[in-house]
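Colleague: The structure follows.
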Amino acid sequence: MPKTNLFADLILPVPLNQFFTYHVPDDMAELCVSGKRAVVQFGRKKVYSAIIYRTHYNKPTDYKTKDILSILDNEAIINKFQFKFWEWIANYYLCTLGEVYRAALPAGLKLESHTSIKYNTAFFEHDENLKSLNFSEKENTLLNALQENKTLKISEVNELLSLKSSLNHIKLLYDKGAIEIEESLNKNYTAKKESYLSLAKNLQTDDDLNTVLESLNRATMQKKLLLSFLEQIKFGEKDQVQEISKKELLHLTSSNSSIIKELEKKGILQTNQKEISRLNIDNEKIIEPKELNKAQTEAYKSVKEQFKAKEIVLLHGVTSSGKTEIYIHLINEIIKKGQQVLYLLPEIALSTQLIYRLKKHFGNQVGVYHSKFNDAERVEIWQNIQNSSNLQNQPQYKIILGVRSSVFLPYANLGLIIIDEEHENSFKQYNPAPRYQARDAALVLAQIHGAKTLLGTATPSIESYFNAKTGKYGLVELNTRYQDIELPEIFIADIKEARRKKQMKSHFTPLLLENIEHTLKNNSQLILFQNRRGYAPYLECTSCNAIPKCKHCDVSLTYHKHTNQLVCHYCGYAYTNKGKCEECASTSIQTRGFGTEKVEDELAIFFPHAVIKRMDLDTTRGKKAHEQIIHEFEAGNIDILIGTQMVTKGLDFDNVSLVGILDADQMLNFPDFRAYERSYQLMAQVSGRAGRKNKRGKVIIQTSSAKNVIIRDVINNNYKNMFTEQLAERKLFKYPPFYRLIYITLRHKNKQVLDNAAAIYAQWLKKLFNNNILGPEYPIINRTHDLYMKSIIIKLDKSLNINSLKKNSHYLSKRLVENQQFKNVQIVFDVDPM
């Protein structure tokens, strides 16, 4: 039979900047539609699921086309809005559509033929597993890398462990249950099934059932269960149902499965399997949104008024001013019109309290989407939004509460995007590509859908506030706290002075310790903020001054006391601390600096009766870890909560009267042009956790720079002064919002090759950009994962044609790696770096 002339351009999940054309077999011609998935062979052995972009009749003349192997979907899983959004992401952030595809789709919708190793989170949630099993140094290295990177290919594991074959170590970890292995072209998503019970088809009348019940007079347990079953299905009534969940019946009757099996053997009940949703369903009573107070009402009306002329509005409201209630009223209006709402958050931790608040008003119309969900759950959320799910008892989502990846969901009727805590750098994706900024991407997503966007924060990013002040965005300000609660009192604890007077106790000033003691005596709670996890940033030998370093990266190893390990936070390399120097064998080892784990350890000595918990990356790896810690703190079961940035963002606790910032200098002295802006934001945000409902709170900032202008602005709650001073500096030194930045990082295992490549590339760029180039220079950390790095910064005047300049720089990178000497040089583009 002759071939048809129909061809399809496909998007494959590979970092190549092109479409791939395949021939469409006759029997698939009608099924081959844009947005569906197609299984194809790529190269000699690889098999992928690709996305059909378009079909046409233009046969490629320069190569022989392969046939599509199969079409996976009955309906398209990618819509026209998504394709347009993907293309913008790829063009703006200088990546490929294949890389966008990999980031956008849940793993359960992607198929490709390679084996990958995955960290088994469920295994490590059981303490008995950790106590009963010992892991070798190689196994610990692999487990730490998996914790950081989520999954690794076999080739990546071989490289990490410096072995030709790591299969023996992988098998041992797999046998222990510590890792999971994902195999090629296995169906990553299968619907969850549940058993449902119904009456046998020959038992449909009262007489039939009476006969059966009489036959069960001696089998009392079976008769009791059958009567309960008949009661639950409302047998003989107008609203009789045909079946009931087996799990539900067993729960109601406190019976066991063996009784049901006997009734099945006797031909009385029959079981069938039904596909059900994994998504939570609540039956709580829905209540109307609260009435807004005067200030909130004015702000709400102003937002609506400004939406008439502007597509984007910035709501700048102080902490605890009631911004969330305004969001709820706006959401209510949108869903009444039958449209969808995306509520974007920077951190998973923030979703815990918000889920409860939104579900109280919108019930099962609220869905949540983030990385702690497993692959199957994420597929079901995708299908729910796409309206392609036929699962039993699944809610229909109109509101999605999600982190940055939720911008890729298949919205078809988006009416409003709310970006809460819009200033947060957690909205930025760092690795792998696409390195997108979810806040900025959401603005484009809203434009594609014709939706409105509301940015909300107490501490706007300088770029957003500048856009609002120059008329690009609307601006609404909310300057009073809800119920007129006073902003917290802020005190400076001078570390330099306390050290001079020898009053410091470890890392705590007398002022902070006195206030902690006073707070605990009053049965109040407190939050301590230290933006560094682990026990100590590094260990040092006091005899020879040697510091343990990562053998793959140019960084010191962080000491984690709980596991007694030295860990690299870049590549995951780790080994057990032996308590002696690797260089001179001295046992005189000291910790330097401090992280959240050390703070927790030392506070337990000072306040032995207090319940102390920490919230950082190490304690929140489990699916419900954030939720558990937050609920315990809300319930008053924790006295002191120690945390990293997670505790600074939008959480609302009734009984917190004290907040301590343990090391403000670490933030202020960070070598970055945004250091002062971020320091202000972090300190103002964490300060806002104090005294949010019943009384005025207190904040203590420990610093050696008591006269620093940013600390003074935090004390005076003077955002506008910080904004004015930082804006003047940005203009002077050509930084955002006046210029756009592109960071280009070149990587290679050979330092000399890297130096040569970077020098040539920078020379080309300087001709193209009229010397608006910084570098090439080695960054502070100039080697990670055994690769040396050099950085180049491009500063682009916003008046120039930015797109053509970006494309030209991308073209030059391709030209560079075409040189045989530089073919293995990796070039990474980061547009609008954070």
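Each chain in the structure tokens gets a letter, A, B and so on, in the order shown; residues start at 1 in every chain, and ligands are counted from 1 in the order they appear.
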Would you give me, as CSV, each residue of segment 435-547 of chain A having an atom within 8 Å of an atom of segment 659-680 of chain A, along with its shortest atom pair and that distance in Å to one decimal, using only C-alpha atoms and sorting by chain and residue number?
Modeller:
residue,atom,partner,partner_atom,distance
A:Ser461,CA,A:Glu677,CA,7.8
A:Ile462,CA,A:Glu677,CA,7.7
A:His507,CA,A:Leu662,CA,7.7
A:Phe508,CA,A:Leu662,CA,7.5
A:Leu512,CA,A:Gly660,CA,7.1
A:Leu526,CA,A:Val659,CA,5.7
A:Ile527,CA,A:Val659,CA,4.9
A:Leu528,CA,A:Gly660,CA,4.6
A:Phe529,CA,A:Ile661,CA,5.0
A:Gln530,CA,A:Leu662,CA,5.7
Colleague: Using C-alpha atoms, can you write the selected residues to a file as a PDB file, in the first residue's frame?
Modeller:
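New file part_14.pdb:
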ATOM      1  CA  SER A 461      10.840  44.207  43.856  1.00  0.00           C
ATOM      2  CA  ILE A 462      12.518  47.382  42.650  1.00  0.00           C
ATOM      3  CA  HIS A 507      25.954  33.228  68.634  1.00  0.00           C
ATOM      4  CA  PHE A 508      23.390  34.957  70.857  1.00  0.00           C
ATOM      5  CA  LEU A 512      18.079  38.281  72.326  1.00  0.00           C
ATOM      6  CA  LEU A 526       8.964  33.018  68.733  1.00  0.00           C
ATOM      7  CA  ILE A 527      10.619  32.632  65.339  1.00  0.00           C
ATOM      8  CA  LEU A 528      14.377  32.764  64.784  1.00  0.00           C
ATOM      9  CA  PHE A 529      15.673  33.383  61.272  1.00  0.00           C
ATOM     10  CA  GLN A 530      19.085  32.172  60.055  1.00  0.00           C
TER      11      GLN A 530
END
Colleague: Taking the DSSP secondary structure from the backbone, can you list the residues of segment 426-602 of chain A that are strand (DSSP E), as a PyMOL selection string?
Modeller: chain A and resi 452-457+474-478+489-494+525-529+538-541+558-560+565-567+574-576+589-592
Colleague: Excluding segment 45-60 of chain A and its own-chain neighbours fewer than 6 positions away, which residues fall within 6 Å of it when counting only C-alpha atoms? Please give them as JSON, numbers by chain.
Modeller: {"A": [5, 6, 7, 8, 9, 10, 11, 12, 34, 35, 36, 37, 38, 39, 111, 112, 113]}
Colleague: For segment 288-292 of chain A, find every residue with an atom within 9 Å (counting only C-alpha atoms), except residues of its own chain fewer than 4 positions away, and show them as a PyMOL selection string.
Modeller: chain A and resi 296-297+300+322+325-326+328-329+332+360-362
Colleague: Next, the residues of the selection above should be written as a short mmCIF file (atom, residue, chain, number, x, y, z; two decimals), in the first residue's frame with N, CA, C and O atoms.
Modeller:
data_model
loop_
_atom_site.label_atom_id
_atom_site.label_comp_id
_atom_site.auth_asym_id
_atom_site.auth_seq_id
_atom_site.Cartn_x
_atom_site.Cartn_y
_atom_site.Cartn_z
N GLN A 296 -9.48 47.90 53.29
CA GLN A 296 -9.49 46.82 52.29
C GLN A 296 -10.48 47.11 51.17
O GLN A 296 -10.20 46.86 49.99
N THR A 297 -11.65 47.64 51.54
CA THR A 297 -12.69 47.96 50.54
C THR A 297 -12.18 49.00 49.55
O THR A 297 -12.38 48.87 48.34
N TYR A 300 -9.65 47.29 47.31
CA TYR A 300 -10.36 46.37 46.40
C TYR A 300 -11.00 47.14 45.24
O TYR A 300 -10.86 46.77 44.07
N GLY A 322 -4.09 42.37 55.30
CA GLY A 322 -5.30 41.71 54.80
C GLY A 322 -5.37 41.61 53.29
O GLY A 322 -6.45 41.65 52.71
N GLU A 325 -7.51 38.59 51.83
CA GLU A 325 -8.98 38.74 51.77
C GLU A 325 -9.40 39.49 50.49
O GLU A 325 -10.43 39.19 49.91
N ILE A 326 -8.57 40.43 50.07
CA ILE A 326 -8.85 41.14 48.80
C ILE A 326 -8.74 40.17 47.64
O ILE A 326 -9.58 40.15 46.73
N ILE A 328 -9.31 37.00 47.73
CA ILE A 328 -10.46 36.09 47.79
C ILE A 328 -11.69 36.72 47.14
O ILE A 328 -12.43 36.07 46.39
N HIS A 329 -11.92 38.01 47.38
CA HIS A 329 -13.06 38.70 46.77
C HIS A 329 -12.91 38.79 45.25
O HIS A 329 -13.88 38.64 44.51
N ASN A 332 -13.54 35.33 43.76
CA ASN A 332 -14.99 35.04 43.79
C ASN A 332 -15.68 35.63 42.54
O ASN A 332 -16.52 34.97 41.92
N LYS A 360 -12.07 27.03 52.41
CA LYS A 360 -13.17 27.46 53.28
C LYS A 360 -14.23 28.21 52.48
O LYS A 360 -15.42 28.15 52.77
N HIS A 361 -13.77 28.92 51.43
CA HIS A 361 -14.69 29.74 50.63
C HIS A 361 -15.05 29.10 49.28
O HIS A 361 -16.12 29.37 48.73
N PHE A 362 -14.14 28.28 48.74
CA PHE A 362 -14.37 27.76 47.38
C PHE A 362 -14.39 26.23 47.30
O PHE A 362 -14.60 25.69 46.21
#
Colleague: Let me make sure I understand: among A:Val368, A:Ile419, A:Leu445, A:Leu163, which one has the smallest atom-to-atom distance to Glu87 of chain A if we use only C-alpha atoms?
Modeller: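 Using only C-alpha atoms, Glu87 of chain A sits closest to A:Leu445.
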Colleague: Enumerate, as a list in words, the complete set of residues in segment 56-89 of chain A that a backbone-based DSSP assignment places in alpha helix (DSSP H).
Modeller: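 Answer for segment 56-89 of chain A restricted to alpha helix (DSSP H) is Lys80, Phe81, Gln82, Phe83, Lys84, Phe85, Trp86, Glu87, Trp88 and Ile89 of chain A.
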Colleague: Would you write out those residues with N, CA, C and O atoms, as a compact mmCIF listing (two decimals), in the first residue's frame?
Modeller:
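Result file selection-v4.txt:
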# COMPACT_ATOMS: atom_id res chain seq x y z
N LYS A 80 -3.59 25.62 22.15
CA LYS A 80 -2.96 26.72 21.37
C LYS A 80 -2.32 27.76 22.28
O LYS A 80 -1.29 28.37 21.92
N PHE A 81 -2.93 28.00 23.46
CA PHE A 81 -2.35 28.99 24.39
C PHE A 81 -0.98 28.50 24.88
O PHE A 81 -0.04 29.28 25.00
N GLN A 82 -0.90 27.19 25.16
CA GLN A 82 0.36 26.63 25.66
C GLN A 82 1.46 26.71 24.61
O GLN A 82 2.60 27.05 24.93
N PHE A 83 1.15 26.37 23.37
CA PHE A 83 2.16 26.45 22.31
C PHE A 83 2.72 27.87 22.20
O PHE A 83 3.93 28.08 22.07
N LYS A 84 1.82 28.85 22.26
CA LYS A 84 2.25 30.25 22.15
C LYS A 84 3.14 30.62 23.34
O LYS A 84 4.16 31.31 23.19
N PHE A 85 2.77 30.12 24.52
CA PHE A 85 3.54 30.38 25.74
C PHE A 85 4.90 29.69 25.67
O PHE A 85 5.93 30.29 26.02
N TRP A 86 4.92 28.45 25.24
CA TRP A 86 6.19 27.71 25.10
C TRP A 86 7.14 28.44 24.17
O TRP A 86 8.34 28.54 24.43
N GLU A 87 6.61 28.94 23.05
CA GLU A 87 7.46 29.63 22.07
C GLU A 87 8.05 30.91 22.67
O GLU A 87 9.22 31.23 22.43
N TRP A 88 7.25 31.63 23.44
CA TRP A 88 7.76 32.83 24.09
C TRP A 88 8.87 32.47 25.08
O TRP A 88 9.93 33.12 25.09
N ILE A 89 8.66 31.45 25.91
CA ILE A 89 9.67 31.02 26.88
C ILE A 89 10.98 30.67 26.17
O ILE A 89 12.07 31.11 26.56
Colleague: Suppose you want the space between atom CA of Pro434 of chain A and atom CA of Asp832 of chain A; what is it in Å?
Modeller: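 We find that atom CA of Pro434 of chain A and atom CA of Asp832 of chain A lie 12.1 Å from each other.
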Colleague: For Leu209 of chain A, work out the shell of residues within 10 Å, counting only C-alpha atoms and skipping chain neighbours fewer than 5 positions away, then give it as a short mmCIF file (atom, residue, chain, number, x, y, z; two decimals) with all heavy atoms, in the first residue's frame.
Modeller:
data_model
loop_
_atom_site.label_atom_id
_atom_site.label_comp_id
_atom_site.auth_asym_id
_atom_site.auth_seq_id
_atom_site.Cartn_x
_atom_site.Cartn_y
_atom_site.Cartn_z
N LEU A 199 -25.01 -5.59 43.96
CA LEU A 199 -25.77 -6.85 44.07
C LEU A 199 -25.62 -7.65 42.78
O LEU A 199 -25.50 -7.08 41.69
CB LEU A 199 -27.25 -6.55 44.29
CG LEU A 199 -27.72 -6.26 45.72
CD1 LEU A 199 -29.17 -5.82 45.70
CD2 LEU A 199 -27.54 -7.47 46.64
N ASN A 202 -29.06 -11.23 39.47
CA ASN A 202 -30.28 -12.02 39.67
C ASN A 202 -30.99 -11.70 40.98
O ASN A 202 -31.97 -12.35 41.34
CB ASN A 202 -29.94 -13.53 39.61
CG ASN A 202 -28.96 -13.93 40.70
OD1 ASN A 202 -28.11 -13.13 41.09
ND2 ASN A 202 -29.07 -15.15 41.20
N LEU A 203 -30.47 -10.69 41.71
CA LEU A 203 -31.09 -10.32 43.00
C LEU A 203 -31.60 -8.89 42.91
O LEU A 203 -30.96 -7.95 43.39
CB LEU A 203 -30.07 -10.46 44.14
CG LEU A 203 -29.46 -11.84 44.38
CD1 LEU A 203 -28.44 -11.77 45.48
CD2 LEU A 203 -30.56 -12.85 44.75
N GLN A 204 -32.76 -8.70 42.31
CA GLN A 204 -33.25 -7.34 42.09
C GLN A 204 -34.62 -7.08 42.74
O GLN A 204 -35.11 -5.97 42.69
CB GLN A 204 -33.32 -7.04 40.59
CG GLN A 204 -31.98 -7.14 39.87
CD GLN A 204 -30.93 -6.19 40.42
OE1 GLN A 204 -31.25 -5.07 40.83
NE2 GLN A 204 -29.69 -6.65 40.49
N GLU A 214 -32.66 -15.32 54.45
CA GLU A 214 -33.02 -16.52 55.22
C GLU A 214 -31.91 -17.57 55.15
O GLU A 214 -31.61 -18.24 56.13
CB GLU A 214 -34.32 -17.13 54.67
CG GLU A 214 -35.56 -16.38 55.14
CD GLU A 214 -36.85 -16.94 54.53
OE1 GLU A 214 -36.82 -18.11 54.10
OE2 GLU A 214 -37.85 -16.20 54.48
N SER A 215 -31.27 -17.64 53.98
CA SER A 215 -30.19 -18.64 53.82
C SER A 215 -28.96 -18.28 54.64
O SER A 215 -28.07 -19.11 54.84
CB SER A 215 -29.81 -18.77 52.34
OG SER A 215 -29.13 -17.59 51.91
N LEU A 226 -24.45 -7.81 54.81
CA LEU A 226 -25.36 -7.65 53.68
C LEU A 226 -26.46 -6.64 54.00
O LEU A 226 -26.81 -5.80 53.16
CB LEU A 226 -25.97 -9.00 53.29
CG LEU A 226 -26.94 -8.99 52.10
CD1 LEU A 226 -26.27 -8.42 50.84
CD2 LEU A 226 -27.50 -10.38 51.83
N LEU A 230 -27.26 -3.16 52.02
CA LEU A 230 -28.58 -2.79 51.48
C LEU A 230 -29.02 -1.43 52.00
O LEU A 230 -29.63 -0.63 51.28
CB LEU A 230 -29.62 -3.86 51.83
CG LEU A 230 -29.40 -5.23 51.18
CD1 LEU A 230 -30.33 -6.27 51.79
CD2 LEU A 230 -29.62 -5.15 49.66
N ILE A 268 -23.90 -13.55 45.82
CA ILE A 268 -24.80 -12.51 46.34
C ILE A 268 -24.28 -11.11 45.99
O ILE A 268 -25.04 -10.24 45.56
CB ILE A 268 -24.94 -12.66 47.88
CG1 ILE A 268 -25.55 -14.03 48.21
CG2 ILE A 268 -25.78 -11.53 48.47
CD1 ILE A 268 -25.46 -14.42 49.69
#
Colleague: Using only C-alpha atoms, which of the listed residues (A:Pro460, A:Pro488, A:Gly622, A:Gly98) sits closest to Gly697 of chain A?
Modeller: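 With only C-alpha atoms as the atom set, the closest residue is A:Pro488.
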